Structures are given as structure tokens and as C-alpha cells.
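**Q** Input file: coords-v9.cif. Contents: mmCIF, C-alpha atoms.
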```
data_run
loop_
_atom_site.label_atom_id
_atom_site.label_comp_id
_atom_site.auth_asym_id
_atom_site.auth_seq_id
_atom_site.Cartn_x
_atom_site.Cartn_y
_atom_site.Cartn_z
CA MET H 133 0.00 0.00 0.00
CA PRO H 134 1.46 3.41 -0.92
CA GLU H 135 2.62 5.16 2.25
CA LYS H 136 0.65 8.39 1.89
CA LEU H 137 -2.60 6.49 1.36
CA ASP H 138 -1.78 4.16 4.24
CA ARG H 139 -1.32 7.14 6.57
CA LEU H 140 -4.57 8.70 5.46
CA ILE H 141 -6.44 5.45 6.07
CA ASP H 142 -4.93 5.27 9.56
CA MET H 143 -6.29 8.74 10.18
CA PHE H 144 -9.76 7.78 8.94
CA GLN H 145 -9.73 4.78 11.28
CA MET H 146 -9.46 7.12 14.25
CA PHE H 147 -12.43 9.29 13.29
CA ASP H 148 -15.85 9.08 14.87
CA PRO H 149 -18.76 8.95 12.40
CA SER H 150 -19.33 12.69 12.43
CA ASP H 151 -15.67 13.56 11.82
CA ARG H 152 -15.49 10.94 9.11
CA THR H 153 -18.45 12.51 7.31
CA ASP H 154 -16.90 15.98 7.58
CA MET H 155 -13.57 14.73 6.27
CA LEU H 156 -15.18 12.94 3.33
CA LEU H 157 -17.13 16.08 2.43
CA SER H 158 -13.95 18.11 2.71
CA TYR H 159 -12.27 15.82 0.19
CA ALA H 160 -15.33 15.94 -2.07
CA ASP H 161 -15.07 19.74 -2.02
CA GLN H 162 -11.45 19.49 -3.14
CA PHE H 163 -12.34 17.35 -6.15
CA LYS H 164 -11.05 18.74 -9.44
CA GLU H 165 -12.48 17.46 -12.68
CA VAL H 166 -10.18 16.25 -15.46
CA PRO H 167 -8.98 19.35 -17.36
CA PRO H 168 -10.05 19.86 -21.00
CA ALA H 169 -6.43 19.44 -22.07
CA ILE H 170 -6.68 15.80 -21.00
CA ALA H 171 -10.26 14.93 -21.92
CA THR H 172 -13.51 16.59 -22.98
CA ARG H 173 -17.12 15.44 -23.08
CA PRO H 174 -18.32 13.05 -24.22
CA PHE H 175 -15.67 11.18 -22.26
CA PRO H 176 -14.49 7.97 -23.92
CA GLU H 177 -16.14 4.78 -22.74
CA SER H 178 -12.70 3.22 -22.34
CA HIS H 179 -12.19 5.46 -19.29
CA HIS H 180 -15.61 4.83 -17.78
CA VAL H 181 -15.64 3.06 -14.41
CA PRO H 182 -17.93 0.03 -14.66
CA GLN H 183 -20.65 -0.50 -12.04
CA CYS H 184 -20.31 3.06 -10.74
CA GLU H 185 -23.69 4.73 -10.31
CA SER H 186 -21.92 8.09 -10.02
CA ASP H 187 -20.84 7.74 -13.63
CA ALA H 188 -17.13 8.15 -12.89
CA TYR H 189 -14.24 8.24 -15.37
CA VAL H 190 -10.55 7.80 -14.65
CA TRP H 191 -7.31 8.56 -16.48
CA ALA H 192 -3.69 7.80 -15.49
CA LEU H 193 -1.04 9.72 -17.39
CA ARG H 194 2.68 9.19 -17.24
CA GLN H 195 4.62 12.35 -16.32
CA PRO H 196 8.08 13.37 -17.60
CA ASP H 197 9.64 12.18 -14.34
CA ASP H 198 8.08 8.73 -14.96
CA THR H 199 5.53 9.08 -12.18
CA MET H 200 1.78 8.96 -12.83
CA LYS H 201 -0.89 11.64 -12.54
CA LEU H 202 -4.50 10.58 -11.96
CA TYR H 203 -7.50 12.46 -13.30
CA PHE H 204 -11.18 11.85 -12.67
CA ALA H 205 -14.61 12.97 -13.80
CA VAL H 206 -17.86 12.30 -11.92
CA GLU H 207 -20.94 12.97 -14.00
CA ASN H 208 -23.69 12.31 -11.45
CA PRO H 209 -24.34 15.52 -9.47
CA SER H 210 -25.11 13.34 -6.44
CA GLY H 211 -21.77 11.53 -6.73
CA VAL H 212 -20.35 13.03 -3.54
CA SER H 213 -18.65 9.82 -2.42
CA ALA H 214 -17.10 9.26 -5.83
CA LYS H 215 -15.72 12.80 -5.75
CA ALA H 216 -14.33 12.27 -2.25
CA LEU H 217 -12.64 9.04 -3.25
CA ALA H 218 -11.30 10.58 -6.47
CA ALA H 219 -9.75 13.45 -4.49
CA ILE H 220 -8.24 11.02 -1.98
CA LEU H 221 -6.75 8.83 -4.70
CA ASP H 222 -5.38 11.84 -6.57
CA LYS H 223 -3.81 13.41 -3.48
CA THR H 224 -2.25 10.19 -2.22
CA LEU H 225 -1.29 8.38 -5.43
CA SER H 226 -0.52 11.02 -8.06
CA GLY H 227 3.24 11.55 -8.22
CA LEU H 228 4.05 7.91 -7.56
CA PRO H 229 5.46 5.41 -10.04
CA ALA H 230 2.89 3.17 -11.72
CA SER H 231 4.28 0.07 -10.02
CA GLU H 232 3.56 1.58 -6.61
CA ILE H 233 0.04 2.75 -7.53
CA ALA H 234 -0.67 -0.78 -8.76
CA THR H 235 -0.40 -2.06 -5.18
CA VAL H 236 -3.56 -0.23 -4.09
CA ASN H 237 -6.39 -2.56 -3.11
CA CYS H 238 -10.13 -1.98 -3.23
CA ASP H 239 -10.49 -2.90 0.45
CA ILE H 240 -9.50 0.71 1.21
CA VAL H 241 -13.08 1.70 0.37
CA GLU H 242 -14.53 0.04 3.45
CA LYS H 243 -11.74 1.44 5.62
CA ILE H 244 -12.30 4.98 4.41
CA PHE H 245 -16.09 5.13 4.20
CA ARG H 246 -17.24 2.79 6.99
CA GLN H 247 -20.78 3.86 8.00
CA ASN H 248 -20.97 6.13 4.98
CA ILE H 249 -20.89 3.26 2.56
CA SER H 250 -24.33 2.43 1.24
CA MET H 251 -25.43 -0.70 -0.56
CA GLY H 252 -25.31 0.81 -3.99
CA LYS H 253 -22.17 2.80 -3.93
CA GLY H 254 -19.78 0.31 -2.36
CA MET H 255 -19.41 -1.66 -5.56
CA GLY H 256 -18.94 1.47 -7.62
CA LEU H 257 -16.28 2.90 -5.32
CA MET H 258 -14.38 -0.37 -5.28
CA SER H 259 -14.66 -0.40 -9.03
CA MET H 260 -13.02 3.06 -9.13
CA VAL H 261 -10.06 1.73 -7.14
CA ASN H 262 -9.85 -1.32 -9.38
CA ALA H 263 -9.87 0.94 -12.45
CA VAL H 264 -6.95 2.96 -11.04
CA GLN H 265 -5.09 -0.24 -10.21
CA ALA H 266 -5.67 -1.65 -13.71
CA LEU H 267 -4.41 1.53 -15.40
CA ALA H 268 -1.34 1.56 -13.16
CA ARG H 269 -0.60 -2.11 -13.86
CA ARG H 270 -0.87 -1.52 -17.57
CA ALA H 271 1.40 1.52 -17.34
CA SER H 272 3.98 -0.34 -15.27
CA GLN H 273 4.18 -3.06 -17.89
CA SER H 274 4.66 -0.69 -20.83
CA MET K 85 -43.53 17.11 -18.90
CA ALA K 86 -47.08 18.29 -18.25
CA PRO K 87 -47.86 19.90 -14.89
CA ILE K 88 -48.82 17.36 -12.24
CA GLU K 89 -52.47 18.41 -12.13
CA GLN K 90 -52.78 17.79 -15.88
CA ARG K 91 -51.37 14.28 -15.90
CA GLY K 92 -54.63 12.57 -15.01
CA TYR K 93 -53.56 11.10 -11.68
CA ALA K 94 -56.09 9.68 -9.24
CA HIS K 95 -54.61 11.68 -6.34
CA PRO K 96 -52.47 14.47 -7.81
CA GLU K 97 -52.29 16.13 -4.41
CA ALA K 98 -49.80 13.47 -3.29
CA LEU K 99 -47.16 14.72 -5.72
CA VAL K 100 -45.57 18.17 -5.88
CA SER K 101 -43.15 19.67 -8.34
CA THR K 102 -39.72 21.11 -7.64
CA ASP K 103 -41.24 24.52 -8.44
CA TRP K 104 -43.87 23.99 -5.74
CA VAL K 105 -41.20 23.04 -3.21
CA GLU K 106 -39.07 26.09 -4.02
CA GLN K 107 -42.14 28.28 -3.55
CA HIS K 108 -42.78 26.72 -0.12
CA LEU K 109 -39.24 26.78 1.29
CA ASN K 110 -40.30 29.19 4.01
CA ASP K 111 -43.79 27.86 4.55
CA PRO K 112 -44.08 26.99 8.25
CA LYS K 113 -46.85 24.50 7.47
CA VAL K 114 -44.50 22.47 5.26
CA ARG K 115 -41.69 20.23 6.48
CA LEU K 116 -39.29 18.97 3.84
CA VAL K 117 -37.81 15.56 4.55
CA GLU K 118 -34.80 14.13 2.70
CA SER K 119 -34.42 10.34 2.78
CA ASN K 120 -31.53 8.76 0.94
CA GLU K 121 -29.68 5.56 0.43
CA ASP K 122 -26.38 7.48 0.34
CA THR K 123 -25.70 8.59 3.90
CA LEU K 124 -23.31 11.36 2.81
CA LEU K 125 -25.73 13.19 0.57
CA TYR K 126 -27.79 15.14 3.08
CA SER K 127 -24.64 16.49 4.76
CA SER K 128 -23.19 17.46 1.38
CA GLY K 129 -26.11 19.83 0.77
CA HIS K 130 -29.89 19.57 0.91
CA VAL K 131 -32.93 21.61 0.01
CA PRO K 132 -32.81 24.58 2.40
CA GLY K 133 -34.81 23.85 5.52
CA ALA K 134 -35.06 20.11 4.87
CA VAL K 135 -34.55 17.68 7.72
CA HIS K 136 -32.90 14.29 7.34
CA VAL K 137 -34.83 11.09 8.04
CA ASP K 138 -32.65 8.03 7.73
CA TRP K 139 -34.43 4.82 6.75
CA THR K 140 -32.27 2.63 8.96
CA SER K 141 -31.79 4.67 12.12
CA ASP K 142 -35.01 6.72 12.15
CA LEU K 143 -37.65 4.44 10.65
CA ASN K 144 -36.50 0.93 11.52
CA ASP K 145 -36.49 -0.74 14.91
CA GLN K 146 -32.85 -1.13 15.86
CA VAL K 147 -33.16 -4.76 16.99
CA ARG K 148 -36.07 -6.51 15.29
CA ARG K 149 -36.71 -6.41 11.57
CA ASP K 150 -39.66 -4.08 11.93
CA TYR K 151 -40.53 -0.41 12.00
CA ILE K 152 -40.55 2.03 14.85
CA THR K 153 -43.44 1.94 17.30
CA ARG K 154 -45.92 4.71 18.03
CA ASP K 155 -43.53 6.13 20.65
CA GLY K 156 -40.71 6.16 18.13
CA PHE K 157 -42.85 7.89 15.54
CA GLU K 158 -44.01 10.49 18.03
CA SER K 159 -40.38 11.17 18.96
CA LEU K 160 -39.40 11.46 15.32
CA MET K 161 -42.22 13.90 14.54
CA SER K 162 -41.38 15.90 17.63
CA LYS K 163 -37.72 16.01 16.60
CA ILE K 164 -38.47 17.30 13.11
CA GLY K 165 -40.96 19.81 14.50
CA ALA K 166 -44.02 18.39 12.78
CA THR K 167 -47.61 18.40 13.97
CA LYS K 168 -50.59 16.55 12.53
CA ASP K 169 -51.27 19.65 10.43
CA THR K 170 -47.78 19.75 8.95
CA THR K 171 -47.56 18.90 5.29
CA VAL K 172 -44.58 16.57 5.06
CA VAL K 173 -42.89 16.56 1.66
CA PHE K 174 -40.45 13.73 0.96
CA TYR K 175 -37.64 13.66 -1.56
CA GLY K 176 -34.36 11.81 -1.90
CA ASP K 177 -31.80 10.03 -4.01
CA LYS K 178 -32.27 6.98 -6.22
CA ASN K 179 -35.32 8.51 -7.89
CA ASN K 180 -37.14 8.79 -4.58
CA TRP K 181 -36.93 5.13 -3.50
CA TRP K 182 -36.31 6.05 0.12
CA ALA K 183 -38.57 9.08 -0.04
CA CYS K 184 -41.44 6.79 -1.06
CA TYR K 185 -40.38 4.28 1.59
CA ALA K 186 -40.46 6.99 4.29
CA PHE K 187 -43.78 8.25 2.93
CA TRP K 188 -45.11 4.68 3.19
CA VAL K 189 -43.89 4.28 6.80
CA PHE K 190 -45.59 7.57 7.66
CA GLN K 191 -48.85 6.11 6.33
CA LEU K 192 -48.55 3.23 8.81
CA PHE K 193 -49.05 5.92 11.45
CA GLY K 194 -51.78 7.70 9.53
CA HIS K 195 -49.88 10.88 8.66
CA THR K 196 -51.80 11.37 5.43
CA ASN K 197 -50.80 15.00 5.06
CA ALA K 198 -47.80 13.91 3.02
CA LYS K 199 -46.45 14.42 -0.47
CA VAL K 200 -43.52 13.36 -2.64
CA MET K 201 -41.42 15.79 -4.68
CA ASP K 202 -41.57 14.61 -8.28
CA GLY K 203 -38.14 13.77 -9.69
CA GLY K 204 -36.48 13.75 -6.28
CA ARG K 205 -33.12 15.13 -5.34
CA ILE K 206 -31.45 14.62 -8.71
CA LYS K 207 -34.05 16.77 -10.50
CA TRP K 208 -33.62 19.52 -7.93
CA GLN K 209 -29.85 19.41 -8.44
CA LYS K 210 -29.99 19.28 -12.22
CA GLU K 211 -32.21 22.36 -12.17
CA ASN K 212 -29.50 24.15 -10.17
CA ARG K 213 -31.88 24.96 -7.36
CA PRO K 214 -30.42 26.03 -4.02
CA LEU K 215 -28.76 23.56 -1.66
CA SER K 216 -27.67 24.24 1.88
CA ARG K 217 -25.39 22.57 4.41
CA ASP K 218 -27.11 24.30 7.31
CA VAL K 219 -28.89 21.71 9.42
CA PRO K 220 -32.16 23.33 10.47
CA SER K 221 -33.53 23.10 13.97
CA TYR K 222 -37.26 23.36 14.64
CA PRO K 223 -39.02 23.72 17.97
CA LYS K 224 -40.02 20.32 19.30
CA THR K 225 -43.69 19.48 18.99
CA GLN K 226 -46.10 17.30 20.91
CA TYR K 227 -47.23 14.78 18.32
CA LYS K 228 -49.85 12.24 19.36
CA ALA K 229 -49.79 9.39 16.90
CA SER K 230 -52.18 6.49 16.60
CA ASP K 231 -50.85 2.98 17.06
CA ARG K 232 -49.12 1.76 13.95
CA SER K 233 -51.71 0.28 11.62
CA ASP K 234 -49.96 -2.07 9.22
CA ALA K 235 -52.93 -3.84 7.72
CA PRO K 236 -54.05 -1.28 5.10
CA HIS K 237 -50.59 -0.72 3.64
CA ARG K 238 -48.29 -3.57 4.61
CA ALA K 239 -48.35 -7.25 3.65
CA PHE K 240 -46.66 -9.96 5.71
CA ARG K 241 -45.52 -13.33 4.42
CA ASP K 242 -48.74 -15.08 5.50
CA ASP K 243 -50.75 -12.41 3.69
CA VAL K 244 -48.67 -13.06 0.59
CA MET K 245 -49.17 -16.82 0.92
CA GLY K 246 -52.94 -16.36 1.19
CA HIS K 247 -52.89 -13.92 -1.70
CA LEU K 248 -50.91 -16.39 -3.79
CA LYS K 249 -53.45 -19.13 -3.16
CA LYS K 250 -56.22 -16.80 -4.32
CA GLN K 251 -54.13 -15.99 -7.42
CA GLY K 252 -54.19 -12.34 -6.41
CA GLN K 253 -52.31 -9.59 -8.21
CA LEU K 254 -48.60 -9.57 -7.35
CA VAL K 255 -46.08 -7.13 -8.76
CA ASP K 256 -42.36 -7.89 -8.68
CA VAL K 257 -40.64 -4.55 -9.23
CA ARG K 258 -37.06 -5.83 -9.21
CA SER K 259 -34.78 -6.06 -12.22
CA PRO K 260 -35.50 -8.77 -14.81
CA GLU K 261 -32.35 -10.60 -13.65
CA GLU K 262 -33.60 -10.77 -10.06
CA TYR K 263 -37.04 -11.86 -11.25
CA ALA K 264 -35.47 -14.62 -13.32
CA GLY K 265 -33.35 -15.74 -10.38
CA THR K 266 -30.01 -15.17 -12.06
CA ARG K 267 -29.19 -12.47 -9.50
CA MET K 268 -30.07 -12.08 -5.81
CA HIS K 269 -29.64 -8.30 -5.91
CA MET K 270 -30.02 -5.61 -8.51
CA PRO K 271 -27.24 -5.14 -11.06
CA ASP K 272 -24.18 -3.31 -9.67
CA TYR K 273 -25.04 -4.24 -6.09
CA PRO K 274 -23.39 -6.99 -4.03
CA ASN K 275 -24.89 -10.30 -5.10
CA GLU K 276 -26.26 -11.31 -1.74
CA GLY K 277 -29.45 -11.38 0.24
CA ALA K 278 -31.25 -14.68 -0.35
CA LEU K 279 -30.57 -18.39 -0.52
CA ARG K 280 -32.87 -18.91 -3.48
CA GLY K 281 -33.43 -16.85 -6.61
CA GLY K 282 -36.58 -16.38 -8.63
CA HIS K 283 -39.95 -14.81 -7.93
CA ILE K 284 -43.22 -15.44 -6.12
CA PRO K 285 -45.39 -17.60 -8.39
CA GLY K 286 -47.77 -15.56 -10.49
CA ALA K 287 -46.00 -12.24 -9.90
CA LYS K 288 -45.83 -9.89 -12.86
CA SER K 289 -42.39 -8.49 -13.58
CA ILE K 290 -42.75 -4.72 -13.83
CA PRO K 291 -39.45 -3.08 -12.83
CA TRP K 292 -40.03 0.07 -10.78
CA ALA K 293 -38.12 2.30 -13.23
CA LYS K 294 -40.75 1.78 -15.91
CA ALA K 295 -42.97 4.19 -13.97
CA ILE K 296 -40.64 7.15 -14.43
CA ASN K 297 -39.25 9.24 -17.23
CA ALA K 298 -35.59 8.34 -17.61
CA ASP K 299 -34.49 11.89 -18.40
CA ASP K 300 -35.65 13.61 -15.22
CA GLY K 301 -37.01 10.92 -12.89
CA THR K 302 -40.53 12.34 -12.86
CA PHE K 303 -43.48 9.99 -12.87
CA LYS K 304 -45.05 9.17 -16.21
CA THR K 305 -48.57 10.39 -16.96
CA ALA K 306 -51.61 8.42 -15.82
CA ASP K 307 -52.25 7.26 -19.38
CA GLU K 308 -48.71 5.95 -19.70
CA LEU K 309 -48.93 4.24 -16.31
CA LYS K 310 -52.32 2.72 -17.19
CA LYS K 311 -50.83 1.30 -20.37
CA LEU K 312 -47.92 -0.18 -18.43
CA TYR K 313 -49.77 -1.66 -15.47
CA CYS K 314 -53.35 -2.15 -16.64
CA GLU K 315 -53.08 -2.86 -20.37
CA ASP K 316 -49.68 -4.45 -20.89
CA ASN K 317 -49.70 -6.34 -17.58
CA LYS K 318 -53.45 -6.76 -17.04
CA LEU K 319 -53.59 -5.39 -13.50
CA SER K 320 -56.91 -4.01 -12.34
CA PRO K 321 -57.08 -1.07 -9.90
CA LYS K 322 -60.13 -2.73 -8.36
CA ASN K 323 -58.29 -5.87 -7.30
CA GLU K 324 -56.25 -6.42 -4.18
CA THR K 325 -52.57 -6.00 -5.11
CA ILE K 326 -49.24 -6.66 -3.39
CA ALA K 327 -45.93 -5.20 -4.56
CA TYR K 328 -42.51 -6.45 -3.51
CA CYS K 329 -38.81 -6.09 -4.32
CA ARG K 330 -35.76 -7.07 -2.25
CA ILE K 331 -36.27 -5.15 1.00
CA GLY K 332 -39.28 -2.98 0.25
CA GLU K 333 -37.87 0.33 -0.93
CA ARG K 334 -38.24 -0.07 -4.69
CA SER K 335 -41.70 -1.53 -4.13
CA SER K 336 -42.60 1.53 -2.03
CA HIS K 337 -41.99 3.54 -5.20
CA THR K 338 -44.34 1.30 -7.20
CA TRP K 339 -46.82 1.22 -4.28
CA PHE K 340 -46.92 5.02 -4.42
CA ALA K 341 -47.41 5.07 -8.20
CA LEU K 342 -50.20 2.50 -8.13
CA LYS K 343 -52.02 3.89 -5.08
CA TYR K 344 -51.81 7.63 -5.61
CA LEU K 345 -51.28 8.04 -9.32
CA LEU K 346 -53.48 5.23 -10.64
CA GLY K 347 -55.92 4.83 -7.75
CA PHE K 348 -55.24 1.22 -6.75
CA ASP K 349 -57.03 1.60 -3.41
CA ASN K 350 -56.27 -1.88 -2.16
CA ILE K 351 -52.52 -2.18 -2.58
CA ARG K 352 -49.99 -3.22 0.03
CA ASN K 353 -46.22 -3.29 0.11
CA TYR K 354 -44.59 -6.58 1.12
CA ASP K 355 -41.49 -5.14 2.80
CA GLY K 356 -40.18 -8.58 3.78
CA SER K 357 -39.79 -8.93 0.03
CA TRP K 358 -37.22 -11.23 -1.52
CA THR K 359 -34.82 -11.16 1.43
CA GLU K 360 -37.60 -12.92 3.36
CA TRP K 361 -39.32 -15.00 0.66
CA GLY K 362 -36.05 -16.15 -0.90
CA ASN K 363 -34.87 -17.41 2.49
CA LEU K 364 -38.11 -19.01 3.72
CA VAL K 365 -38.13 -22.79 3.95
CA GLY K 366 -40.63 -24.56 1.76
CA VAL K 367 -42.38 -21.63 0.08
CA PRO K 368 -43.17 -21.88 -3.63
CA ILE K 369 -40.81 -20.11 -6.02
CA GLU K 370 -40.89 -19.74 -9.77
CA LYS K 371 -37.94 -19.06 -12.04
#
```
Could I get this structure in the form of C-alpha cells?
**A**
Amino acid sequence: MPEKLDRLIDMFQMFDPSDRTDMLLSYADQFKEVPPAIATRPFPESHHVPQCESDAYVWALRQPDDTMKLYFAVENPSGVSAKALAAILDKTLSGLPASEIATVNCDIVEKIFRQNISMGKGMGLMSMVNAVQALARRASQS
Amino acid sequence: MAPIEQRGYAHPEALVSTDWVEQHLNDPKVRLVESNEDTLLYSSGHVPGAVHVDWTSDLNDQVRRDYITRDGFESLMSKIGATKDTTVVFYGDKNNWWACYAFWVFQLFGHTNAKVMDGGRIKWQKENRPLSRDVPSYPKTQYKASDRSDAPHRAFRDDVMGHLKKQGQLVDVRSPEEYAGTRMHMPDYPNEGALRGGHIPGAKSIPWAKAINADDGTFKTADELKKLYCEDNKLSPKNETIAYCRIGERSSHTWFALKYLLGFDNIRNYDGSWTEWGNLVGVPIEK
């Protein structure tokens, strides 16, 4: 597990439900959509996260220093959790080599969201993590 | 979409538009209630003045699989500052699944002064109407509720069994995959919840989403709903009807459409739904 993400998860584990909700909303507020220089609507289906009811998209681009930069789009205006997770993944994984990002596991979703994970969105959020992992694996092999 | 009063509904007063809600944001006789599946949504911003009613912690008993008692309902109404004269307007995510579910639970206690906001939270957001993170506080009220009266609105498994023997009207509002028994939960949800797949024998498969317009989540007109339920699926508003899904929230949506929009006076929601029927020993199942 990448260290920065590991530390953040440790912090989430210490939160009570109210603090956890506030922190997730704070991350959702920090969400930045993929810039037009990278992708414009309609976003390509190849970047669409399957099973995600928030209609999320993900990109992983290799930077000149050989690290990766993650970008996301969340089309559903109610996709608050998807935006929070996207911001968390961007802030903790962007800037790392692909091989390190590829070690992220979808079990982080339960650890981060806990009581804020509803029936419908759990699968979609895990699918977002899996999409990031798949892109990183592909990049690390190329 | 035509205005609600022009859509030919049996009880148009049970449905209000987003325009109506915006015009009543400061109406002291109206209490807006947001009920969601996503527990983060209310905190992320809600219709100004709306209170949050959570289907698990506010409406369900915390030990038994059942709803709150009269005392619990009185406490809830007191907490949200509602009296018997308060018009409670429900809205929420997932095209109003949980809003209709909360509306239905309120009917168990006879709070008939209730409405649903057509199109739910997503329509409000897409129309760029105001959202607020301020959690409102209303003076506590003294609300005297009647004992919970399940019989008119709620079906239990024995009711369903009796209904089945009489070949009564049953509506399975789940996805076609759940109806066919190839999934135990709707697509994109964890595949869990029952030991057996399939449907209650004789149930018509009419997925809940067929009652709404896909573009904005509003309910279809009465003529469109009549075609769907009464012509294509041969349901009669005069006959006793039971709707079910997996845990009773999607079927609350269909229950609302059939009862208030089409005038099915004798319809009940089987909230035990597939998580009960699909786990019961020895009950008949069709695939």
C-alpha cells in the first residue's frame, strides 16, 4: 500500500462517524475534474468506471519524471462519495510510479467510508479503485 | 412534462413539483424531509430547511426487523418539528426510492398529510436549485400518533401466501435478472441477500423504473402508467394487489405510483420482500 494512502487510512480509522463525514465532504469539495487538455465530453467509454452509479471516469497519465498523474470525472451531481474518493486517490497516489500505484487494493473503500458506505455505492467505489489499479498495472508493464 | 395536475392522476395532491417546493421553502406548514440511500448526501447539501430522516436509524427498529413503534414515531415527529397539520414533503436520491419508503412508513401511522417531490433530489440538483449545508432546527412538537396500523398498507408473508393461493395480483418490481433468479440483488449491487433466486409464483415483472421518465425521474402520466400496469400487464385497480422487491424500498416507489397516481385503493407493500421470501423454507418459487 502506498505510504501516503496508508497514513490517510490510519487517520480515517481514528475518526468518529461525524468527523469521518466531515472529512469525506472536505475531500469531495477538493475534487477537481479532469482538465479539458486531457479529456472533454463526451468522455471515452474506455475510461468509464464500470458499475459506478456516479458515472465516474478515470485517467492515469505518465509524467516526464516517470511518475503517474491521476484524473477523474464524476458525471452524477449526487456523486459526492465518488468525488471524495477521487480526491483522496489523486492526493495520495498522483506523483508515484505506476508500479507503486498498482499495489492499491479496493479494500481501502470500506476502511475509508465505513458507516458512509451504502449498498449501492460500495461496488462502484471499489470499481473506481480497481480501475486505477488496472491503469497503473498496464502503465507499469509498458 | 405536463404539470402534475394535468397528468390525469387519481390523487395528484400526493405529488408536488420542484417549483412547488421552491415556492414553499419558508412555509411553516410544510416540512421537507430528505431520505436517501447514500448517507453522505444530506450532509453534502440539501434543500434549504429540509430535515434528514434516515431509513435505517429513524424508521426501523434497531433490533427486530420491523418499523418504529408509536412512541418512536411520536419522537421522530417531535424532533423534526411536525404536527398533525404539517404537510410533510419527501424527496431523496435513487429517484425517490427512500422518499417513497419513508412516505409509506408515515402512512402506517396515519400521517396522510404527506407528499412526494416529483423527480427527487437529482431533478432539484440538475435544475440548479439552491442547496444548503445548514442543518435546520425546529421547535419540538407534541405529536400524538395512533398505534401503527400495518394492515391497510403492509403485507406480511402469510398475507402473501394467502394472496398467492387466491391468485391475487402480485407485482415484482425488481430487475429482470432478479425476477429470473439469475441475480439475488439488482445489477451493480453486491450479489447477496437470499438463498434462493426467482420470484413469487404468479407475480408480474414490472421493474419500478418503468414508472418514471428516464431523463428527469418524474413519474409518467396516468395514461402511460395505465398502459404499463393495466393494459400491458393486465392489472386491475379494483383488485387487491401486493408489490414487492428485495427489501421494500423499490416496491414503495411502485406502491406510491399505483395507489396515488393510478388509484389502486387496495394495494400493500410486502417489505419482507425477496430477502424474506427467498430465504423461507418450503415456500413456492418460480424461475
**Q** Any chance you could resolve the PyMOL selection byres ((chain H and resi 267-274) around 9) against this file and give the residues as a ChimeraX atom specification?
**A** /H:190-194,200,229-235,262-266
**Q** Could you name the residues that touch K:Met245 at 12 Å or less, counting all atoms listed in the file, but leaving out those on the same chain fewer than 6 positions away, as a PyMOL selection string?
**A** chain K and resi 239+251-252+254+284-286+326+354+361+364+366-369
**Q** Taking all atoms listed in the file into account, name the residue in K:Ala306, K:Leu143, K:Leu215, K:Val135 that is nearest to chain H.
**A**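 Ranking K:Ala306, K:Leu143, K:Leu215, K:Val135 by distance to chain H, first place goes to K:Leu215.
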**Q** Step by step, work through what the PyMOL selection byres ((chain H) within 8 of (chain K)) selects in the shown file, and finish by giving those residues as a list in words.
**A**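 Going through the file, the PyMOL selection byres ((chain H) within 8 of (chain K)) ends up selecting Thr153, Leu157, Gln183, Cys184, Pro209, Ser210, Val212, Ser213, Gln247, Asn248, Ile249, Ser250, Met251, Gly252, Lys253, Gly254, Met255 and Gly256 of chain H.
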**Q** On this structure, which residues satisfy the PyMOL selection byres ((chain K and resi 208) around 12), written as an MDAnalysis selection string?
**A** (chainID H and resid 209:210) or (chainID K and resid 101:106 118 129:132 175:177 179:180 201:207 209:215 300:302)
**Q** Mind giving me the straight-line distance from atom CA of K:Glu315 to atom CA of K:Ile290 in Å, one decimal?
**A**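 The value is 12.4 Å.
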**Q** Counting all atoms listed in the file, which residue out of K:Asp150, K:Glu324, K:Asp138, K:Asp145 sits closest to K:Asp234?
**A** K:Asp150
**Q** With distances taken over only C-alpha atoms, which of H:Val261, H:Met155, H:Ala216, H:Leu221 is nearest to H:Asn237?
**A** H:Val261
**Q** Just the number, please: distance in Å from atom CA of H:Glu185 to atom CA of H:Ala214, one decimal.
**A**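 Taking atom CA of H:Glu185 and atom CA of H:Ala214, their separation equals 9.2 Å.
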**Q** Hey, what's within 8 Å of K:Pro291 if we count all atoms listed in the file and toss same-chain stuff fewer than 3 positions away? As a PyMOL selection string, please?
**A** chain K and resi 256-260+294
**Q** Could those residues be written to a file, using C-alpha atoms, as a PDB file, in the coordinates of the input?
**A**
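Result went into again26.pdb, see below:
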```
ATOM      1  CA  ASP K 256     -42.360  -7.890  -8.680  1.00  0.00           C
ATOM      2  CA  VAL K 257     -40.640  -4.550  -9.230  1.00  0.00           C
ATOM      3  CA  ARG K 258     -37.060  -5.830  -9.210  1.00  0.00           C
ATOM      4  CA  SER K 259     -34.780  -6.060 -12.220  1.00  0.00           C
ATOM      5  CA  PRO K 260     -35.500  -8.770 -14.810  1.00  0.00           C
ATOM      6  CA  LYS K 294     -40.750   1.780 -15.910  1.00  0.00           C
TER       7      LYS K 294
END
```
**Q** Nearest residue to K:Trp339 out of K:Thr153, K:Asn317, K:Gln191, K:Gln146, using all atoms listed in the file?
**A**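 For K:Trp339, the nearest of the given residues is K:Gln191.
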**Q** Find the residues near K:Gln226: any atom within 7 Å, counting all atoms listed in the file, skip ones fewer than 2 places away on the same chain, and give them as a ChimeraX atom specification.
**A** /K:162,224,228
**Q** Considering only C-alpha atoms, can you say which of H:Asp142, H:Glu242, H:Glu135, H:Asp197 comes closest to H:Leu217?
**A**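 Closest candidate: H:Glu242.
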**Q** Which of these, K:Val189, K:Thr305, K:Gly194, K:His237, has the shortest distance to K:Pro96 once you count all atoms listed in the file?
**A**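 Ranking K:Val189, K:Thr305, K:Gly194, K:His237 by distance to K:Pro96, first place goes to K:Thr305.
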**Q** Around (-50.7, 15.6, -4.0) in the file's own coordinates, what residues are found within 8 Å if you use all atoms listed in the file, given back as a list in words?
**A** His95, Pro96, Glu97, Ala98, Leu99, Val100, Ala198, Lys199 and Val200 of chain K
**Q** Would you mind reading off the distance between atom CA of K:Ala264 and atom CA of K:Arg334, one decimal, in Å?
**A**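 Between atom CA of K:Ala264 and atom CA of K:Arg334 the gap works out to 17.1 Å.
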